[in-house]
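S.K.: Structure: final.cif, mmCIF, C-alpha atoms.
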```
data_entry
#
loop_
_atom_site.label_atom_id
_atom_site.label_comp_id
_atom_site.auth_asym_id
_atom_site.auth_seq_id
_atom_site.Cartn_x
_atom_site.Cartn_y
_atom_site.Cartn_z
CA MET H 1 -1.51 -15.61 -9.03
CA ASP H 2 -5.19 -16.13 -9.77
CA LEU H 3 -8.32 -14.82 -8.09
CA ASP H 4 -8.27 -17.53 -5.45
CA ASP H 5 -4.77 -16.48 -4.38
CA TYR H 6 -6.08 -13.00 -3.65
CA ARG H 7 -8.97 -14.38 -1.59
CA ARG H 8 -6.48 -15.80 0.88
CA HIS H 9 -4.64 -13.83 3.52
CA SER H 10 -0.99 -12.97 3.34
CA PRO H 11 1.06 -12.98 6.55
CA TYR H 12 0.48 -9.22 6.60
CA SER H 13 -3.31 -9.27 6.22
CA ASP H 14 -3.97 -12.30 8.43
CA PRO H 15 -5.92 -11.07 11.49
CA GLY H 16 -4.97 -14.11 13.60
CA ARG H 17 -7.00 -14.20 16.81
CA HIS H 18 -8.90 -11.09 15.66
CA GLY H 19 -10.67 -12.88 12.80
CA GLY H 20 -14.03 -12.49 14.49
CA LEU H 21 -13.67 -8.71 14.40
CA LEU H 22 -13.28 -8.83 10.62
CA ASP H 23 -16.11 -11.35 10.24
CA ALA H 24 -18.42 -8.80 11.85
CA VAL H 25 -17.64 -6.09 9.26
CA SER H 26 -19.94 -6.05 6.24
CA PRO H 27 -17.79 -6.48 3.11
CA ASP H 28 -19.44 -3.71 1.08
CA PHE H 29 -16.67 -1.26 0.34
CA PRO H 30 -18.15 1.89 1.93
CA THR H 31 -18.46 -0.01 5.23
CA VAL H 32 -14.98 -1.51 4.86
CA ALA H 33 -13.46 1.92 4.21
CA ALA H 34 -15.33 3.57 7.08
CA THR H 35 -14.08 0.82 9.39
CA ALA H 36 -10.47 1.35 8.30
CA ARG H 37 -10.77 5.10 8.93
CA ASN H 38 -12.33 4.43 12.33
CA VAL H 39 -9.44 2.19 13.44
CA ILE H 40 -6.49 4.02 11.81
CA VAL H 41 -5.59 7.71 11.62
CA HIS H 42 -2.92 9.03 9.28
CA TYR H 43 0.10 9.88 11.38
CA ARG H 44 0.83 13.09 9.42
CA ALA H 45 -2.36 14.02 7.60
CA GLY H 46 -5.10 12.82 9.94
CA GLY H 47 -6.11 16.26 11.15
CA VAL H 48 -5.09 15.57 14.76
CA ASP H 49 -1.93 16.05 16.77
CA LEU H 50 -0.88 12.61 17.93
CA PRO H 51 1.30 12.13 21.02
CA VAL H 52 4.92 11.84 19.93
CA ASP H 53 5.35 8.54 21.75
CA ARG H 54 2.62 6.97 19.59
CA LEU H 55 3.92 7.93 16.16
CA GLU H 56 6.05 4.79 15.90
CA GLU H 57 2.77 2.85 15.60
CA VAL H 58 3.21 3.44 11.87
CA ASN H 59 5.63 0.51 11.96
CA ARG H 60 2.95 -2.02 13.02
CA ARG H 61 3.29 -3.83 9.72
CA TRP H 62 0.88 -6.72 10.36
CA VAL H 63 -2.90 -6.46 10.70
CA ASP H 64 -2.92 -8.56 13.86
CA ARG H 65 -0.45 -6.12 15.47
CA ILE H 66 -2.54 -3.13 14.34
CA LEU H 67 -5.61 -4.75 15.87
CA ASP H 68 -3.69 -5.65 19.04
CA THR H 69 -3.01 -1.94 19.48
CA ASP H 70 -6.58 -0.96 18.68
CA GLN H 71 -8.10 -3.54 21.00
CA SER H 72 -5.79 -2.56 23.86
CA ARG H 73 -7.59 0.80 23.80
CA PHE H 74 -11.01 -0.22 22.56
CA PRO H 75 -11.98 -3.86 23.26
CA LEU H 76 -15.02 -3.29 21.08
CA PRO H 77 -16.31 -4.14 17.60
CA LEU H 78 -14.47 -2.23 14.90
CA ALA H 79 -17.63 -0.26 14.06
CA ALA H 80 -17.76 1.32 17.53
CA GLU H 81 -16.56 4.90 17.12
CA ARG H 82 -13.02 5.71 18.27
CA PRO H 83 -11.92 9.32 18.87
CA ALA H 84 -9.53 10.25 16.07
CA VAL H 85 -6.69 11.06 18.46
CA ASP H 86 -6.88 7.56 19.97
CA ARG H 87 -6.90 5.61 16.70
CA VAL H 88 -3.85 3.62 15.63
CA ALA H 89 -1.29 5.81 13.90
CA GLY H 90 -0.78 4.64 10.33
CA CYS H 91 -0.84 5.78 6.72
CA CYS H 92 -2.47 4.94 3.39
CA ARG H 93 -0.75 1.57 3.33
CA ASP H 94 -2.41 0.64 6.63
CA HIS H 95 -5.89 1.85 5.67
CA THR H 96 -5.53 -0.26 2.55
CA LEU H 97 -4.10 -3.31 4.31
CA LEU H 98 -6.91 -3.40 6.87
CA SER H 99 -9.46 -3.00 4.07
CA VAL H 100 -7.84 -5.82 2.10
CA ALA H 101 -7.84 -7.96 5.25
CA VAL H 102 -11.61 -7.48 5.71
CA LEU H 103 -12.31 -8.28 2.06
CA ARG H 104 -10.10 -11.38 2.08
CA GLN H 105 -11.69 -12.51 5.34
CA HIS H 106 -14.99 -12.57 3.42
CA GLY H 107 -13.44 -14.38 0.43
CA ILE H 108 -13.34 -11.35 -1.87
CA PRO H 109 -10.20 -11.22 -4.06
CA SER H 110 -8.28 -8.08 -3.19
CA ARG H 111 -4.79 -6.63 -3.21
CA SER H 112 -3.01 -3.33 -2.61
CA ARG H 113 -1.78 -1.08 -5.41
CA VAL H 114 1.18 1.25 -5.00
CA GLY H 115 1.44 4.45 -7.00
CA PHE H 116 0.73 8.17 -6.99
CA ALA H 117 -2.46 10.18 -6.39
CA SER H 118 -3.06 13.60 -7.95
CA TYR H 119 -6.21 14.56 -6.00
CA PHE H 120 -4.78 15.81 -2.70
CA VAL H 121 -2.75 18.85 -3.82
CA PRO H 122 -3.10 20.44 -7.28
CA GLY H 123 0.04 19.89 -9.35
CA TRP H 124 1.50 17.32 -6.95
CA HIS H 125 1.43 13.51 -7.09
CA HIS H 126 1.54 12.01 -3.59
CA ASP H 127 2.83 8.51 -3.07
CA HIS H 128 -0.25 6.49 -2.21
CA VAL H 129 -1.67 3.00 -1.79
CA LEU H 130 -5.15 1.96 -2.92
CA VAL H 131 -7.28 -1.15 -2.59
CA GLU H 132 -7.96 -3.13 -5.73
CA TYR H 133 -10.73 -5.71 -5.38
CA TRP H 134 -12.62 -8.03 -7.72
CA ASN H 135 -16.33 -7.14 -7.88
CA GLY H 136 -17.28 -10.31 -9.77
CA ASP H 137 -16.71 -8.72 -13.16
CA ARG H 138 -13.62 -6.50 -12.98
CA TRP H 139 -10.90 -5.12 -10.73
CA VAL H 140 -11.98 -1.92 -8.96
CA TRP H 141 -9.57 0.68 -7.58
CA ALA H 142 -10.84 2.22 -4.35
CA ASP H 143 -9.33 4.62 -1.80
CA PRO H 144 -10.43 3.76 1.75
CA GLU H 145 -8.95 7.00 3.11
CA LEU H 146 -11.49 9.11 1.23
CA ASP H 147 -14.65 9.95 3.16
CA PRO H 148 -17.46 10.04 0.56
CA ALA H 149 -18.89 13.02 2.42
CA GLY H 150 -15.94 15.05 1.15
CA ASP H 151 -16.19 17.20 -1.96
CA TRP H 152 -13.82 15.17 -4.12
CA GLY H 153 -15.63 15.57 -7.43
CA PHE H 154 -15.25 11.88 -8.28
CA ASP H 155 -16.16 8.47 -6.90
CA GLY H 156 -13.30 7.59 -4.59
CA TYR H 157 -14.54 4.02 -4.33
CA ASP H 158 -14.32 3.39 -8.07
CA ILE H 159 -11.30 5.26 -9.41
CA GLY H 160 -10.85 4.24 -13.01
CA PRO H 161 -7.24 3.61 -14.08
CA LYS H 162 -7.81 5.83 -17.13
CA ALA H 163 -9.09 8.79 -15.09
CA GLY H 164 -5.67 10.26 -14.31
CA LEU H 165 -6.47 10.45 -10.60
CA PHE H 166 -4.22 7.60 -9.52
CA ASP H 167 -1.41 6.11 -11.55
CA SER H 168 0.42 2.94 -10.66
CA ALA H 169 4.14 3.26 -9.99
CA ALA H 170 4.79 1.24 -13.15
CA ARG H 171 2.81 3.66 -15.29
CA VAL H 172 4.57 6.66 -13.76
CA TRP H 173 8.00 5.08 -14.29
CA SER H 174 7.17 4.34 -17.92
CA ALA H 175 6.08 7.94 -18.42
CA TYR H 176 9.29 9.17 -16.80
CA ARG H 177 11.40 6.96 -19.07
CA ALA H 178 9.47 8.32 -22.08
CA GLY H 179 10.24 11.87 -20.93
CA THR H 180 6.59 12.89 -20.59
CA ILE H 181 6.50 13.79 -16.87
CA ASP H 182 8.54 15.81 -14.41
CA PRO H 183 9.66 13.35 -11.71
CA GLU H 184 10.18 16.18 -9.23
CA VAL H 185 6.42 16.49 -8.66
CA TYR H 186 6.12 12.84 -7.57
CA GLY H 187 6.93 12.10 -3.95
CA VAL H 188 5.88 12.20 -0.32
CA SER H 189 5.01 15.89 -0.05
CA PRO H 190 5.75 19.22 -1.77
CA GLU H 191 7.45 20.26 1.47
CA LEU H 192 9.82 17.30 1.63
CA PRO H 193 12.81 16.31 -0.55
CA ILE H 194 11.66 12.68 -0.76
CA ARG H 195 10.73 12.74 -4.43
CA GLY H 196 12.00 12.27 -7.93
CA ASP H 197 13.23 9.59 -10.30
CA TRP H 198 14.87 7.37 -7.65
CA PHE H 199 11.68 7.46 -5.59
CA ILE H 200 9.50 6.39 -8.54
CA HIS H 201 12.06 3.67 -9.36
CA ASP H 202 11.79 2.22 -5.86
CA TYR H 203 8.00 2.38 -5.86
CA VAL H 204 7.89 0.10 -8.92
CA LEU H 205 9.60 -2.51 -6.74
CA LEU H 206 7.12 -1.88 -3.93
CA GLU H 207 4.27 -2.24 -6.43
CA LEU H 208 5.63 -5.63 -7.46
CA ALA H 209 6.00 -6.77 -3.85
CA HIS H 210 2.43 -5.77 -2.98
CA ARG H 211 1.10 -7.52 -6.08
CA GLN H 212 2.84 -10.67 -4.85
CA LYS H 213 1.15 -10.23 -1.43
CA ASP H 214 4.24 -8.95 0.37
CA GLU H 215 2.50 -5.81 1.59
CA LEU H 216 5.67 -4.04 2.70
CA LEU H 217 5.86 -0.75 4.55
CA LEU H 218 6.55 2.14 2.22
CA TRP H 219 9.88 2.72 3.96
CA ASP H 220 11.16 -0.85 3.70
CA ARG H 221 14.28 -1.31 1.60
CA LEU H 222 14.97 -4.00 -1.00
CA ASP H 223 18.32 -4.81 -2.55
CA ALA H 224 17.31 -3.51 -5.99
CA MET H 225 16.32 -0.11 -4.60
CA THR H 226 18.53 2.92 -5.07
CA ASP H 227 19.16 6.49 -3.95
CA ASP H 228 20.54 7.42 -7.37
CA VAL H 229 19.18 6.16 -10.68
CA ALA H 230 22.54 6.91 -12.29
CA THR H 231 23.95 3.87 -10.50
CA ALA H 232 20.85 1.64 -10.69
CA ASP H 233 20.02 -1.24 -13.00
CA LEU H 234 17.38 0.62 -14.96
CA THR H 235 16.85 -2.30 -17.34
CA LEU H 236 15.57 -4.38 -14.43
CA VAL H 237 12.94 -1.84 -13.38
CA ASP H 238 12.03 -1.11 -17.03
CA GLU H 239 11.26 -4.81 -17.47
CA ILE H 240 9.29 -5.07 -14.22
CA ALA H 241 7.25 -1.96 -15.04
CA ALA H 242 6.44 -3.27 -18.53
CA LEU H 243 5.33 -6.61 -17.08
CA LEU H 244 3.16 -4.92 -14.45
CA LEU H 245 1.43 -2.85 -17.12
CA ALA H 246 0.92 -5.91 -19.33
CA ALA H 247 -0.52 -7.84 -16.38
CA ASP H 248 -2.92 -4.97 -15.70
CA ASP H 249 -4.09 -5.32 -19.29
CA GLY H 250 -4.93 -8.96 -18.66
CA ASP H 251 -1.78 -10.63 -19.98
CA LEU H 252 -1.65 -13.86 -17.96
CA ALA H 253 1.79 -14.74 -19.33
CA ALA H 254 3.14 -11.45 -17.96
CA GLU H 255 1.52 -12.22 -14.61
CA LYS H 256 3.33 -15.55 -14.48
CA VAL H 257 6.66 -14.03 -15.47
CA LEU H 258 6.26 -11.47 -12.67
CA ALA H 259 5.64 -14.21 -10.13
CA ASP H 260 8.60 -16.23 -11.40
CA ARG H 261 10.93 -13.21 -11.40
CA TYR H 262 9.86 -12.28 -7.90
CA ALA H 263 10.43 -15.79 -6.60
CA SER H 264 13.80 -16.25 -8.28
CA ASP H 265 15.48 -12.83 -7.92
CA ALA H 266 16.39 -12.07 -4.31
CA ARG H 267 16.96 -8.39 -5.15
CA LEU H 268 13.22 -7.94 -5.69
CA ARG H 269 11.80 -9.30 -2.45
CA PRO H 270 12.40 -9.51 1.24
CA ASP H 271 13.54 -12.81 2.61
CA SER H 272 13.20 -13.57 6.29
CA ARG H 273 14.35 -10.05 7.15
CA VAL H 274 13.98 -6.58 5.71
CA GLU H 275 15.73 -3.28 6.35
CA SER H 276 13.30 -0.54 7.37
CA VAL H 277 13.86 3.19 7.86
CA SER H 278 11.32 4.71 10.25
CA PRO H 279 9.68 7.86 8.82
CA VAL H 280 9.25 9.12 12.38
CA SER H 281 12.73 8.75 13.89
CA GLY H 282 14.83 8.05 10.82
CA SER H 283 16.28 5.04 12.62
CA VAL H 284 17.28 2.01 10.56
CA SER H 285 16.29 -1.44 11.78
CA ILE H 286 16.42 -4.99 10.50
CA VAL H 287 12.99 -6.50 10.95
CA ASP H 288 12.50 -10.26 11.28
CA LEU H 289 9.55 -11.18 9.04
CA ARG H 290 9.20 -14.74 10.28
CA ARG H 291 5.91 -15.12 12.13
#
```
Take the structure from the file and write it as structure tokens.
M.R.:
Amino acid sequence: MDLDDYRRHSPYSDPGRHGGLLDAVSPDFPTVAATARNVIVHYRAGGVDLPVDRLEEVNRRWVDRILDTDQSRFPLPLAAERPAVDRVAGCCRDHTLLSVAVLRQHGIPSRSRVGFASYFVPGWHHDHVLVEYWNGDRWVWADPELDPAGDWGFDGYDIGPKAGLFDSAARVWSAYRAGTIDPEVYGVSPELPIRGDWFIHDYVLLELAHRQKDELLLWDRLDAMTDDVATADLTLVDEIAALLLAADDGDLAAEKVLADRYASDARLRPDSRVESVSPVSGSVSIVDLRR
């Protein structure tokens, strides 16, 4: 993919009939991020108790469906303030996807990056999704969930990849394979058992999918994913991680190999359907991705 590919919507980021709402949002990142936070509230960490019957909104995988839900409650511009309890239930992936959708709507190359953030809980690396956008000179990592009014101690809208605040899944996997990290402190939450080497392994595959503009839910399942690295094809994920890191360093050949591998290996991507495990109910469903 080149910059022009990332200017164009994916099926996930396409706002459909809601394009005018995105046109009205200024594409400077602080405004984009504030808009995403105004429309979406984190279903677990948003600081409000959401009605149980609304938690399944986290499975609104497409921006047009997210905006359908929002507009059913607030038929207003996206800048008009919504009470937090009435925002669409989502997570970091959704804040990022809506931000990417606004940027792409304005022709700004952008994509989502899957990895782990170390700035929420000391000593813990939460699974997380950031925006990466082209500012005309370089790719910038930015976290739309972070309110700049918070005391973060760093610029959440320009998180350098060398700062140790956010590491891509590929970088974390490479560190795990080198024996330099403890995989048990990488996962969903210190209180939950969803963590460890298998989890990092699967996030490398999610990172690849998002880079190829298949902005999957974090609980979607691909054929190459595993619940036990002892039975997984580690060579496959080693190769993908190495290619992702090389592509991040500007290796265009690695970028092309990634695209070719993704297109040719059905284990790495969803086809017309994907298996999804709801984080709310635990129910397993087969979702038709054809729009």
S.K.: Interatomic distance between CA of Leu146 (chain H) and CA of Ser112 (chain H)?
M.R.: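 Interatomic distance here is 15.5 Å.
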S.K.: For the PyMOL selection byres ((chain H and resi 202) around 9), applied here, can you spell out every residue it catches as a count of residues only?
M.R.: 18
S.K.: Apply the PyMOL selection byres ((chain H and resi 180-195) around 9) to the structure shown and report the selected residues as a list in words.
M.R.: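 Selection result, ordered by chain and number: Phe116, Val121, Gly123, Trp124, His125, His126, Asp127, His128, Val172, Trp173, Ser174, Ala175, Tyr176, Arg177, Ala178, Gly179, Gly196, Asp197, Trp198, Phe199 and Ile200 of chain H.
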S.K.: Excluding same-chain residues fewer than 4 positions from Arg261 (chain H), what lies within 12 Å of it counting all atoms listed in the file, as a list in words?
M.R.: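 Residues near the query, excluding close chain neighbours: Leu205, Leu208, Ala209, Gln212, Leu236, Val237, Glu239, Ile240, Leu243, Leu244, Ala254, Glu255, Lys256, Val257, Asp265, Ala266, Arg267, Leu268 and Arg269 of chain H.
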S.K.: Which one is closest to Tyr133 (chain H): H:Asp151, H:Glu56, H:Asp28, H:Asp238? Count all atoms listed in the file.
M.R.: H:Asp28
S.K.: To one decimal place, how far is CA of Ala241 (chain H) from CA of Ala170 (chain H) in Å?
M.R.: 4.5 Å
S.K.: Evaluated on this file, the PyMOL selection byres ((chain H and resi 85) around 7) picks out some residues - which ones are they, written as a PyMOL selection string?
M.R.: chain H and resi 48+50+83-84+86-87
S.K.: With distances taken over all atoms listed in the file, which of H:Ser281, H:Leu67, H:Leu103, H:Pro122 is nearest to Val52 (chain H)?
M.R.: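 Among H:Ser281, H:Leu67, H:Leu103, H:Pro122, it is H:Ser281 that comes nearest to Val52 (chain H).
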S.K.: Given only C-alpha atoms as the basis, pick out the residue of H:Ser26, H:Thr235, H:Ser118, H:Ser278 nearest to Ser168 (chain H).
M.R.: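 For Ser168 (chain H), the nearest of the candidates is H:Ser118.
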S.K.: Near Val140 (chain H), within 10 Å and counting all atoms listed in the file, which residues show up once chain neighbours fewer than 3 positions away are dropped, as a ChimeraX atom specification?
M.R.: /H:110,130-137,157-161
S.K.: Suppose you want the space between CA of Pro144 (chain H) and CA of Tyr262 (chain H); what is it in Å?
M.R.: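 Between CA of Pro144 (chain H) and CA of Tyr262 (chain H) the gap is 27.6 Å.
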